[in-house]
Each structure stands twice: as C-alpha cells, then as structure tokens.
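Content type mmCIF, N, CA and C atoms, from the file entry.cif:
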```cif
data_coords
loop_
_atom_site.label_atom_id
_atom_site.label_comp_id
_atom_site.auth_asym_id
_atom_site.auth_seq_id
_atom_site.Cartn_x
_atom_site.Cartn_y
_atom_site.Cartn_z
N MET A 1 67.68 166.57 197.72
CA MET A 1 68.00 166.77 199.12
C MET A 1 69.14 165.82 199.49
N ILE A 2 70.09 166.30 200.25
CA ILE A 2 71.25 165.51 200.68
C ILE A 2 71.17 165.33 202.19
N TYR A 3 71.34 164.07 202.61
CA TYR A 3 71.33 163.75 204.03
C TYR A 3 72.75 163.40 204.46
N GLU A 4 73.13 163.89 205.59
CA GLU A 4 74.45 163.60 206.11
C GLU A 4 74.33 162.58 207.24
N ILE A 5 75.11 161.53 207.16
CA ILE A 5 75.11 160.51 208.20
C ILE A 5 75.95 161.00 209.37
N GLN A 6 75.36 160.97 210.53
CA GLN A 6 76.05 161.43 211.72
C GLN A 6 76.96 160.33 212.26
N PRO A 7 78.13 160.66 212.72
CA PRO A 7 79.01 159.64 213.32
C PRO A 7 78.42 159.12 214.63
N HIS A 8 78.79 157.91 214.96
CA HIS A 8 78.28 157.28 216.18
C HIS A 8 78.63 158.05 217.44
N SER A 9 79.69 158.83 217.42
CA SER A 9 80.10 159.55 218.62
C SER A 9 79.06 160.55 219.09
N ASN A 10 78.11 160.89 218.24
CA ASN A 10 77.06 161.83 218.63
C ASN A 10 75.98 161.16 219.48
N TYR A 11 75.99 159.84 219.53
CA TYR A 11 74.96 159.12 220.28
C TYR A 11 75.49 158.77 221.66
N ASP A 12 74.66 158.96 222.63
CA ASP A 12 75.04 158.66 224.01
C ASP A 12 74.55 157.25 224.34
N ILE A 13 75.33 156.26 223.98
CA ILE A 13 74.97 154.86 224.22
C ILE A 13 75.71 154.41 225.47
N GLN A 14 74.94 154.03 226.46
CA GLN A 14 75.51 153.62 227.74
C GLN A 14 75.42 152.10 227.87
N PRO A 15 76.45 151.48 228.40
CA PRO A 15 76.35 150.03 228.65
C PRO A 15 75.29 149.75 229.72
N PHE A 16 74.67 148.60 229.62
CA PHE A 16 73.67 148.22 230.60
C PHE A 16 73.77 146.73 230.85
N SER A 17 73.19 146.30 231.91
CA SER A 17 73.18 144.87 232.20
C SER A 17 71.73 144.43 232.40
N LEU A 18 71.48 143.20 232.05
CA LEU A 18 70.15 142.63 232.19
C LEU A 18 70.12 141.71 233.40
N PRO A 19 68.95 141.51 233.98
CA PRO A 19 68.86 140.53 235.06
C PRO A 19 69.07 139.13 234.48
N PRO A 20 69.38 138.15 235.31
CA PRO A 20 69.57 136.78 234.80
C PRO A 20 68.29 136.29 234.12
N PHE A 21 68.48 135.49 233.07
CA PHE A 21 67.32 134.93 232.37
C PHE A 21 66.56 134.01 233.32
N PRO A 22 65.22 134.10 233.36
CA PRO A 22 64.42 133.29 234.31
C PRO A 22 64.21 131.85 233.82
N VAL A 23 65.25 131.06 233.86
CA VAL A 23 65.18 129.66 233.41
C VAL A 23 64.09 128.91 234.16
N ASP A 24 63.89 129.23 235.43
CA ASP A 24 62.87 128.55 236.24
C ASP A 24 61.45 128.78 235.72
N ALA A 25 61.24 129.81 234.90
CA ALA A 25 59.91 130.11 234.37
C ALA A 25 59.56 129.25 233.15
N LEU A 26 60.54 128.52 232.62
CA LEU A 26 60.29 127.68 231.45
C LEU A 26 59.52 126.43 231.84
N PRO A 27 58.76 125.85 230.89
CA PRO A 27 58.10 124.57 231.18
C PRO A 27 59.16 123.52 231.54
N PRO A 28 58.82 122.55 232.38
CA PRO A 28 59.81 121.60 232.90
C PRO A 28 60.68 120.91 231.84
N THR A 29 60.09 120.44 230.76
CA THR A 29 60.88 119.75 229.74
C THR A 29 61.88 120.68 229.06
N ILE A 30 61.41 121.86 228.72
CA ILE A 30 62.31 122.84 228.08
C ILE A 30 63.35 123.32 229.07
N ARG A 31 62.95 123.53 230.32
CA ARG A 31 63.91 123.96 231.35
C ARG A 31 65.02 122.93 231.51
N ALA A 32 64.67 121.66 231.55
CA ALA A 32 65.69 120.60 231.69
C ALA A 32 66.65 120.60 230.51
N ALA A 33 66.12 120.78 229.31
CA ALA A 33 66.97 120.81 228.11
C ALA A 33 67.90 122.02 228.14
N VAL A 34 67.37 123.16 228.56
CA VAL A 34 68.18 124.38 228.65
C VAL A 34 69.28 124.21 229.69
N GLU A 35 68.93 123.67 230.85
CA GLU A 35 69.93 123.48 231.90
C GLU A 35 71.02 122.51 231.46
N GLU A 36 70.64 121.45 230.76
CA GLU A 36 71.65 120.50 230.26
C GLU A 36 72.54 121.16 229.22
N ALA A 37 71.95 121.95 228.34
CA ALA A 37 72.73 122.65 227.32
C ALA A 37 73.66 123.68 227.95
N MET A 38 73.22 124.31 229.04
CA MET A 38 74.08 125.29 229.72
C MET A 38 75.35 124.62 230.23
N LEU A 39 75.25 123.39 230.67
CA LEU A 39 76.43 122.66 231.14
C LEU A 39 77.30 122.20 229.98
N ALA A 40 76.66 121.75 228.91
CA ALA A 40 77.40 121.18 227.78
C ALA A 40 78.07 122.24 226.91
N VAL A 41 77.39 123.35 226.69
CA VAL A 41 77.87 124.34 225.72
C VAL A 41 78.49 125.56 226.37
N GLU A 42 78.15 125.83 227.61
CA GLU A 42 78.66 126.99 228.33
C GLU A 42 78.36 128.30 227.59
N ALA A 43 77.09 128.46 227.22
CA ALA A 43 76.62 129.67 226.57
C ALA A 43 75.64 130.37 227.53
N PRO A 44 75.34 131.63 227.28
CA PRO A 44 74.39 132.35 228.14
C PRO A 44 73.01 131.69 228.14
N ALA A 45 72.37 131.71 229.28
CA ALA A 45 71.06 131.07 229.43
C ALA A 45 70.03 131.65 228.46
N ALA A 46 70.03 132.95 228.25
CA ALA A 46 69.05 133.57 227.35
C ALA A 46 69.24 133.09 225.92
N LEU A 47 70.48 132.95 225.49
CA LEU A 47 70.77 132.46 224.14
C LEU A 47 70.27 131.02 223.99
N ILE A 48 70.54 130.20 224.98
CA ILE A 48 70.12 128.79 224.95
C ILE A 48 68.61 128.68 224.99
N ALA A 49 67.97 129.43 225.86
CA ALA A 49 66.51 129.36 225.99
C ALA A 49 65.82 129.82 224.71
N SER A 50 66.34 130.86 224.07
CA SER A 50 65.69 131.32 222.84
C SER A 50 65.80 130.26 221.75
N SER A 51 66.92 129.57 221.67
CA SER A 51 67.06 128.50 220.69
C SER A 51 66.12 127.34 221.01
N ALA A 52 66.00 127.00 222.28
CA ALA A 52 65.10 125.92 222.70
C ALA A 52 63.65 126.27 222.38
N LEU A 53 63.24 127.49 222.68
CA LEU A 53 61.87 127.91 222.40
C LEU A 53 61.60 127.99 220.90
N ALA A 54 62.59 128.42 220.12
CA ALA A 54 62.42 128.46 218.66
C ALA A 54 62.25 127.06 218.10
N ALA A 55 63.03 126.11 218.60
CA ALA A 55 62.92 124.73 218.14
C ALA A 55 61.56 124.13 218.53
N ALA A 56 61.09 124.43 219.72
CA ALA A 56 59.77 123.95 220.16
C ALA A 56 58.67 124.54 219.29
N SER A 57 58.81 125.80 218.95
CA SER A 57 57.83 126.44 218.08
C SER A 57 57.81 125.78 216.70
N LEU A 58 58.98 125.53 216.15
CA LEU A 58 59.08 124.88 214.85
C LEU A 58 58.43 123.50 214.88
N ALA A 59 58.66 122.76 215.95
CA ALA A 59 58.15 121.39 216.05
C ALA A 59 56.63 121.34 216.21
N THR A 60 56.03 122.39 216.71
CA THR A 60 54.60 122.35 217.01
C THR A 60 53.73 123.22 216.10
N GLN A 61 54.34 124.09 215.31
CA GLN A 61 53.54 125.08 214.58
C GLN A 61 52.61 124.48 213.53
N THR A 62 52.90 123.29 213.02
CA THR A 62 51.99 122.67 212.06
C THR A 62 50.88 121.87 212.75
N GLU A 63 50.99 121.70 214.05
CA GLU A 63 50.03 120.88 214.80
C GLU A 63 48.96 121.70 215.52
N PHE A 64 49.26 122.94 215.82
CA PHE A 64 48.35 123.74 216.64
C PHE A 64 48.20 125.14 216.06
N ASN A 65 47.04 125.70 216.24
CA ASN A 65 46.77 127.08 215.87
C ASN A 65 46.34 127.85 217.10
N VAL A 66 46.48 129.16 217.03
CA VAL A 66 46.00 130.03 218.09
C VAL A 66 45.01 130.99 217.45
N GLU A 67 43.88 131.21 218.13
CA GLU A 67 42.88 132.13 217.63
C GLU A 67 43.10 133.48 218.31
N ARG A 68 43.52 134.46 217.53
CA ARG A 68 43.83 135.79 218.06
C ARG A 68 42.59 136.66 218.18
N ASP A 69 41.58 136.34 217.37
CA ASP A 69 40.30 137.04 217.41
C ASP A 69 39.31 136.11 216.72
N VAL A 70 38.05 136.40 216.80
CA VAL A 70 37.05 135.55 216.17
C VAL A 70 37.35 135.46 214.67
N GLY A 71 37.58 134.23 214.21
CA GLY A 71 37.85 134.01 212.78
C GLY A 71 39.27 134.35 212.35
N LEU A 72 40.11 134.75 213.26
CA LEU A 72 41.48 135.11 212.93
C LEU A 72 42.42 134.19 213.69
N ASP A 73 42.83 133.12 213.01
CA ASP A 73 43.73 132.17 213.67
C ASP A 73 44.91 131.86 212.78
N GLY A 74 45.93 131.27 213.37
CA GLY A 74 47.13 130.92 212.64
C GLY A 74 48.04 130.06 213.50
N PRO A 75 49.13 129.59 212.91
CA PRO A 75 50.03 128.70 213.65
C PRO A 75 50.68 129.39 214.84
N ILE A 76 51.06 128.59 215.82
CA ILE A 76 51.69 129.13 217.03
C ILE A 76 53.18 129.36 216.79
N SER A 77 53.47 130.24 215.88
CA SER A 77 54.85 130.52 215.51
C SER A 77 55.46 131.57 216.43
N LEU A 78 56.74 131.41 216.68
CA LEU A 78 57.52 132.42 217.40
C LEU A 78 58.63 132.88 216.47
N TYR A 79 59.04 134.12 216.60
CA TYR A 79 60.12 134.66 215.78
C TYR A 79 61.22 135.15 216.72
N PHE A 80 62.44 134.78 216.41
CA PHE A 80 63.57 135.15 217.25
C PHE A 80 64.67 135.78 216.40
N ILE A 81 65.38 136.69 217.00
CA ILE A 81 66.62 137.18 216.43
C ILE A 81 67.62 137.18 217.58
N THR A 82 68.78 136.62 217.33
CA THR A 82 69.81 136.54 218.36
C THR A 82 70.98 137.41 217.94
N ILE A 83 71.31 138.33 218.79
CA ILE A 83 72.44 139.22 218.55
C ILE A 83 73.47 138.91 219.63
N ALA A 84 74.60 138.41 219.21
CA ALA A 84 75.66 138.06 220.15
C ALA A 84 77.00 138.16 219.44
N GLU A 85 78.02 138.34 220.22
CA GLU A 85 79.37 138.43 219.68
C GLU A 85 79.79 137.10 219.06
N SER A 86 80.74 137.16 218.16
CA SER A 86 81.32 135.95 217.59
C SER A 86 81.95 135.14 218.72
N GLY A 87 81.72 133.84 218.71
CA GLY A 87 82.29 132.98 219.73
C GLY A 87 81.39 132.75 220.94
N GLU A 88 80.20 133.34 220.95
CA GLU A 88 79.31 133.14 222.10
C GLU A 88 78.48 131.87 221.98
N ARG A 89 78.78 131.04 220.99
CA ARG A 89 78.23 129.68 220.86
C ARG A 89 76.83 129.62 220.24
N LYS A 90 76.46 130.63 219.43
CA LYS A 90 75.14 130.66 218.78
C LYS A 90 74.95 129.42 217.92
N SER A 91 75.90 129.12 217.06
CA SER A 91 75.79 127.98 216.14
C SER A 91 75.79 126.66 216.90
N ALA A 92 76.61 126.54 217.92
CA ALA A 92 76.67 125.30 218.70
C ALA A 92 75.33 125.02 219.37
N VAL A 93 74.71 126.06 219.91
CA VAL A 93 73.42 125.90 220.58
C VAL A 93 72.33 125.53 219.56
N ASP A 94 72.31 126.23 218.42
CA ASP A 94 71.32 125.91 217.39
C ASP A 94 71.50 124.47 216.88
N ARG A 95 72.73 124.03 216.73
CA ARG A 95 72.96 122.64 216.29
C ARG A 95 72.33 121.65 217.27
N LEU A 96 72.43 121.93 218.55
CA LEU A 96 71.83 121.05 219.56
C LEU A 96 70.32 120.97 219.42
N PHE A 97 69.67 122.12 219.36
CA PHE A 97 68.22 122.14 219.41
C PHE A 97 67.54 121.89 218.06
N PHE A 98 68.25 122.11 216.98
CA PHE A 98 67.65 121.92 215.66
C PHE A 98 68.14 120.67 214.95
N LYS A 99 68.88 119.81 215.64
CA LYS A 99 69.40 118.59 215.04
C LYS A 99 68.28 117.72 214.48
N ALA A 100 67.24 117.47 215.25
CA ALA A 100 66.13 116.63 214.80
C ALA A 100 65.42 117.24 213.60
N ALA A 101 65.24 118.56 213.60
CA ALA A 101 64.58 119.23 212.48
C ALA A 101 65.42 119.10 211.21
N ARG A 102 66.72 119.26 211.33
CA ARG A 102 67.59 119.13 210.16
C ARG A 102 67.59 117.70 209.63
N GLU A 103 67.62 116.73 210.54
CA GLU A 103 67.57 115.33 210.11
C GLU A 103 66.25 115.02 209.41
N PHE A 104 65.16 115.57 209.91
CA PHE A 104 63.86 115.39 209.28
C PHE A 104 63.85 115.99 207.87
N GLU A 105 64.39 117.20 207.73
CA GLU A 105 64.45 117.84 206.42
C GLU A 105 65.26 117.01 205.43
N ILE A 106 66.39 116.50 205.88
CA ILE A 106 67.23 115.68 205.00
C ILE A 106 66.48 114.42 204.58
N ALA A 107 65.81 113.78 205.53
CA ALA A 107 65.04 112.57 205.21
C ALA A 107 63.93 112.88 204.21
N GLN A 108 63.28 114.02 204.36
CA GLN A 108 62.22 114.41 203.43
C GLN A 108 62.79 114.66 202.03
N GLU A 109 63.95 115.30 201.95
CA GLU A 109 64.59 115.53 200.66
C GLU A 109 64.97 114.23 199.98
N LEU A 110 65.52 113.30 200.75
CA LEU A 110 65.92 112.00 200.19
C LEU A 110 64.69 111.22 199.72
N GLU A 111 63.60 111.30 200.46
CA GLU A 111 62.38 110.61 200.10
C GLU A 111 61.77 111.18 198.82
N ALA A 112 61.92 112.48 198.63
CA ALA A 112 61.36 113.14 197.46
C ALA A 112 62.14 112.83 196.18
N GLU A 113 63.38 112.39 196.31
CA GLU A 113 64.21 112.10 195.12
C GLU A 113 63.81 110.84 194.43
#
```
Take the structure in the file and give it back as structure tokens.
Amino acid sequence: MIYEIQPHSNYDIQPFSLPPFPVDALPPTIRAAVEEAMLAVEAPAALIASSALAAASLATQTEFNVERDVGLDGPISLYFITIAESGERKSAVDRLFFKAAREFEIAQELEAE
C-alpha cells in the first residue's frame, strides 16, 4: 500500500492568540522569580513560568511523592515541552532557572572521579 503525503496547503490552520499567562496564579516565590526573569531576559511570561516550574519540579521530585490512587504513588514530576521561535530566549531562561541544578551535577561528577 502506498500513502501520499498531503501538502500543508490542504490544512486550514488559522492564527490564534492566547490570553496572557496568569503569573499572579503562581506561588509567591516562583512568581517573584518569574517576574524578575521577565525584566532581565525579556521573554514571554509563559516561557519563563514553564522553565521555573520545571526547575522547581526537578528540585523537589526526589523529596516528595504523590499518591494517585491507593498503593499507586510516584515522584511529583512535571513534564514540559517548549515550542518557540529561534531567538525567543528559551536557552537564556533555562540557564537562569537550571543553573543550580547544573552546578550540582558538575559537583557530583567531580566527586565521583
């Protein structure tokens, strides 16, 4: 059987806009970090908040578990995927929020040698 790939022009993809990211809904400490990063990096709030929440998840996932059902528990992990144009400051934001994690990893590697 042979399948033919349809060109993108056959799809009716319309541009859309999202409401502003609800920075005020974040916990106070994370909100303050996101607001400071918004001033320093000038990236979209949603991009910054997702990086901040991912870093918080990484920092706490070995310390806490969540019970999803009786006998079914696991770490409080979050999974993120960020889709943004080149130049929207994804790497700069991640460097801010994951700096401590990277330094910890390097220290662990050096200690293991």
### Message
For the structure I just gave you, how does DSSP split chain A - specifically, which residues are strand (DSSP E)? Reply as a list of chain:residue names.
### Response
A:Asn65, A:Val66, A:Glu67, A:Arg68, A:Asp69, A:Leu72, A:Asp73, A:Gly74, A:Pro75
### Task
Write out as a PyMOL selection string the residues lying within 7 Å of segment 27-43 of chain A, counting only N, CA and C atoms and excluding same-chain residues fewer than 6 positions away.
chain A and resi 49+52+88-89+92-93
Selection file, N, CA and C atoms, as a PDB file, keeping the file's coordinate frame:
```pdb
ATOM      1  N   ALA A  49      67.970 129.430 225.860  1.00  0.00           N
ATOM      2  CA  ALA A  49      66.510 129.360 225.990  1.00  0.00           C
ATOM      3  C   ALA A  49      65.820 129.820 224.710  1.00  0.00           C
ATOM      4  N   ALA A  52      66.000 127.000 222.280  1.00  0.00           N
ATOM      5  CA  ALA A  52      65.100 125.920 222.700  1.00  0.00           C
ATOM      6  C   ALA A  52      63.650 126.270 222.380  1.00  0.00           C
ATOM      7  N   GLU A  88      80.200 133.340 220.950  1.00  0.00           N
ATOM      8  CA  GLU A  88      79.310 133.140 222.100  1.00  0.00           C
ATOM      9  C   GLU A  88      78.480 131.870 221.980  1.00  0.00           C
ATOM     10  N   ARG A  89      78.780 131.040 220.990  1.00  0.00           N
ATOM     11  CA  ARG A  89      78.230 129.680 220.860  1.00  0.00           C
ATOM     12  C   ARG A  89      76.830 129.620 220.240  1.00  0.00           C
ATOM     13  N   ALA A  92      76.610 126.540 217.920  1.00  0.00           N
ATOM     14  CA  ALA A  92      76.670 125.300 218.700  1.00  0.00           C
ATOM     15  C   ALA A  92      75.330 125.020 219.370  1.00  0.00           C
ATOM     16  N   VAL A  93      74.710 126.060 219.910  1.00  0.00           N
ATOM     17  CA  VAL A  93      73.420 125.900 220.580  1.00  0.00           C
ATOM     18  C   VAL A  93      72.330 125.530 219.560  1.00  0.00           C
TER      19      VAL A  93
END
```
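Proximity of A:Val66, A:Ala107, A:Ile81, A:Ala100 to Ser50 of chain A, computed with all atoms listed in the file, is greatest for A:Ile81.
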### Message
Taking (59.4, 128.4, 218.4) in the coordinates of the supplied file, I want to know which residues reach to within 12 Å of it, counting only C-alpha atoms; could you give the answer as number ranges by chain?
### Response
A: 30, 49-62, 75-81, 97-98
Would you write out those residues with N, CA and C atoms, as a PDB file, in the frame of the given file?
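Below you can see out_17.pdb, which holds the result:
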```pdb
ATOM      1  N   ILE A  30      61.410 121.860 228.720  1.00  0.00           N
ATOM      2  CA  ILE A  30      62.310 122.840 228.080  1.00  0.00           C
ATOM      3  C   ILE A  30      63.350 123.320 229.070  1.00  0.00           C
ATOM      4  N   ALA A  49      67.970 129.430 225.860  1.00  0.00           N
ATOM      5  CA  ALA A  49      66.510 129.360 225.990  1.00  0.00           C
ATOM      6  C   ALA A  49      65.820 129.820 224.710  1.00  0.00           C
ATOM      7  N   SER A  50      66.340 130.860 224.070  1.00  0.00           N
ATOM      8  CA  SER A  50      65.690 131.320 222.840  1.00  0.00           C
ATOM      9  C   SER A  50      65.800 130.260 221.750  1.00  0.00           C
ATOM     10  N   SER A  51      66.920 129.570 221.670  1.00  0.00           N
ATOM     11  CA  SER A  51      67.060 128.500 220.690  1.00  0.00           C
ATOM     12  C   SER A  51      66.120 127.340 221.010  1.00  0.00           C
ATOM     13  N   ALA A  52      66.000 127.000 222.280  1.00  0.00           N
ATOM     14  CA  ALA A  52      65.100 125.920 222.700  1.00  0.00           C
ATOM     15  C   ALA A  52      63.650 126.270 222.380  1.00  0.00           C
ATOM     16  N   LEU A  53      63.240 127.490 222.680  1.00  0.00           N
ATOM     17  CA  LEU A  53      61.870 127.910 222.400  1.00  0.00           C
ATOM     18  C   LEU A  53      61.600 127.990 220.900  1.00  0.00           C
ATOM     19  N   ALA A  54      62.590 128.420 220.120  1.00  0.00           N
ATOM     20  CA  ALA A  54      62.420 128.460 218.660  1.00  0.00           C
ATOM     21  C   ALA A  54      62.250 127.060 218.100  1.00  0.00           C
ATOM     22  N   ALA A  55      63.030 126.110 218.600  1.00  0.00           N
ATOM     23  CA  ALA A  55      62.920 124.730 218.140  1.00  0.00           C
ATOM     24  C   ALA A  55      61.560 124.130 218.530  1.00  0.00           C
ATOM     25  N   ALA A  56      61.090 124.430 219.720  1.00  0.00           N
ATOM     26  CA  ALA A  56      59.770 123.950 220.160  1.00  0.00           C
ATOM     27  C   ALA A  56      58.670 124.540 219.290  1.00  0.00           C
ATOM     28  N   SER A  57      58.810 125.800 218.950  1.00  0.00           N
ATOM     29  CA  SER A  57      57.830 126.440 218.080  1.00  0.00           C
ATOM     30  C   SER A  57      57.810 125.780 216.700  1.00  0.00           C
ATOM     31  N   LEU A  58      58.980 125.530 216.150  1.00  0.00           N
ATOM     32  CA  LEU A  58      59.080 124.880 214.850  1.00  0.00           C
ATOM     33  C   LEU A  58      58.430 123.500 214.880  1.00  0.00           C
ATOM     34  N   ALA A  59      58.660 122.760 215.950  1.00  0.00           N
ATOM     35  CA  ALA A  59      58.150 121.390 216.050  1.00  0.00           C
ATOM     36  C   ALA A  59      56.630 121.340 216.210  1.00  0.00           C
ATOM     37  N   THR A  60      56.030 122.390 216.710  1.00  0.00           N
ATOM     38  CA  THR A  60      54.600 122.350 217.010  1.00  0.00           C
ATOM     39  C   THR A  60      53.730 123.220 216.100  1.00  0.00           C
ATOM     40  N   GLN A  61      54.340 124.090 215.310  1.00  0.00           N
ATOM     41  CA  GLN A  61      53.540 125.080 214.580  1.00  0.00           C
ATOM     42  C   GLN A  61      52.610 124.480 213.530  1.00  0.00           C
ATOM     43  N   THR A  62      52.900 123.290 213.020  1.00  0.00           N
ATOM     44  CA  THR A  62      51.990 122.670 212.060  1.00  0.00           C
ATOM     45  C   THR A  62      50.880 121.870 212.750  1.00  0.00           C
ATOM     46  N   PRO A  75      49.130 129.590 212.910  1.00  0.00           N
ATOM     47  CA  PRO A  75      50.030 128.700 213.650  1.00  0.00           C
ATOM     48  C   PRO A  75      50.680 129.390 214.840  1.00  0.00           C
ATOM     49  N   ILE A  76      51.060 128.590 215.820  1.00  0.00           N
ATOM     50  CA  ILE A  76      51.690 129.130 217.030  1.00  0.00           C
ATOM     51  C   ILE A  76      53.180 129.360 216.790  1.00  0.00           C
ATOM     52  N   SER A  77      53.470 130.240 215.880  1.00  0.00           N
ATOM     53  CA  SER A  77      54.850 130.520 215.510  1.00  0.00           C
ATOM     54  C   SER A  77      55.460 131.570 216.430  1.00  0.00           C
ATOM     55  N   LEU A  78      56.740 131.410 216.680  1.00  0.00           N
ATOM     56  CA  LEU A  78      57.520 132.420 217.400  1.00  0.00           C
ATOM     57  C   LEU A  78      58.630 132.880 216.470  1.00  0.00           C
ATOM     58  N   TYR A  79      59.040 134.120 216.600  1.00  0.00           N
ATOM     59  CA  TYR A  79      60.120 134.660 215.780  1.00  0.00           C
ATOM     60  C   TYR A  79      61.220 135.150 216.720  1.00  0.00           C
ATOM     61  N   PHE A  80      62.440 134.780 216.410  1.00  0.00           N
ATOM     62  CA  PHE A  80      63.570 135.150 217.250  1.00  0.00           C
ATOM     63  C   PHE A  80      64.670 135.780 216.400  1.00  0.00           C
ATOM     64  N   ILE A  81      65.380 136.690 217.000  1.00  0.00           N
ATOM     65  CA  ILE A  81      66.620 137.180 216.430  1.00  0.00           C
ATOM     66  C   ILE A  81      67.620 137.180 217.580  1.00  0.00           C
ATOM     67  N   PHE A  97      69.670 122.120 219.360  1.00  0.00           N
ATOM     68  CA  PHE A  97      68.220 122.140 219.410  1.00  0.00           C
ATOM     69  C   PHE A  97      67.540 121.890 218.060  1.00  0.00           C
ATOM     70  N   PHE A  98      68.250 122.110 216.980  1.00  0.00           N
ATOM     71  CA  PHE A  98      67.650 121.920 215.660  1.00  0.00           C
ATOM     72  C   PHE A  98      68.140 120.670 214.950  1.00  0.00           C
TER      73      PHE A  98
END
```
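If you look at atom C of Lys90 of chain A and atom CA of Leu47 of chain A, they are 8.1 Å away from each other.
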### Message
Report, in Å with one decimal, the straight-line distance from atom CA of Ala46 of chain A to atom N of Thr82 of chain A.
### Response
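Straight-line distance from atom CA of Ala46 of chain A to atom N of Thr82 of chain A works out to 10.5 Å.
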### Task
In Å, rounded to a single decimal, give me how far atom CA of Pro44 of chain A is from atom CA of Leu26 of chain A.
15.2 Å
### Message
Measuring between only N, CA and C atoms, which one of A:Gly87, A:Glu105, A:Val70, A:Ala45 shows the shortest distance to Val23 of chain A?
### Response
A:Ala45
#### Entry: All alpha helix (DSSP H) residues (DSSP, backbone) inside chain A, as a count of residues only
53
With all heavy atoms as the target, complete segment 71-77 of chain A and hand it back as a short mmCIF file (atom, residue, chain, number, x, y, z; two decimals), in the coordinates of the input.
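This is the output file result00.cif:
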```cif
data_model
loop_
_atom_site.label_atom_id
_atom_site.label_comp_id
_atom_site.auth_asym_id
_atom_site.auth_seq_id
_atom_site.Cartn_x
_atom_site.Cartn_y
_atom_site.Cartn_z
N GLY A 71 37.58 134.23 214.21
CA GLY A 71 37.85 134.01 212.78
C GLY A 71 39.27 134.35 212.35
O GLY A 71 39.59 134.26 211.17
N LEU A 72 40.11 134.75 213.26
CA LEU A 72 41.48 135.11 212.93
C LEU A 72 42.42 134.19 213.69
O LEU A 72 42.72 134.40 214.86
CB LEU A 72 41.76 136.57 213.30
CG LEU A 72 43.14 137.13 212.97
CD1 LEU A 72 43.41 137.07 211.47
CD2 LEU A 72 43.26 138.56 213.46
N ASP A 73 42.83 133.12 213.01
CA ASP A 73 43.73 132.17 213.67
C ASP A 73 44.91 131.86 212.78
O ASP A 73 44.92 132.15 211.59
CB ASP A 73 42.99 130.90 214.09
CG ASP A 73 42.53 130.08 212.89
OD1 ASP A 73 42.44 130.62 211.78
OD2 ASP A 73 42.23 128.90 213.09
N GLY A 74 45.93 131.27 213.37
CA GLY A 74 47.13 130.92 212.64
C GLY A 74 48.04 130.06 213.50
O GLY A 74 47.74 129.80 214.67
N PRO A 75 49.13 129.59 212.91
CA PRO A 75 50.03 128.70 213.65
C PRO A 75 50.68 129.39 214.84
O PRO A 75 50.82 130.61 214.87
CB PRO A 75 51.09 128.31 212.61
CG PRO A 75 51.00 129.34 211.55
CD PRO A 75 49.60 129.88 211.57
N ILE A 76 51.06 128.59 215.82
CA ILE A 76 51.69 129.13 217.03
C ILE A 76 53.18 129.36 216.79
O ILE A 76 54.03 128.76 217.40
CB ILE A 76 51.46 128.22 218.24
CG1 ILE A 76 51.95 126.80 217.96
CG2 ILE A 76 50.03 128.22 218.66
CD1 ILE A 76 52.00 125.93 219.20
N SER A 77 53.47 130.24 215.88
CA SER A 77 54.85 130.52 215.51
C SER A 77 55.46 131.57 216.43
O SER A 77 54.79 132.50 216.87
CB SER A 77 54.92 131.04 214.07
OG SER A 77 54.42 130.07 213.18
#
```
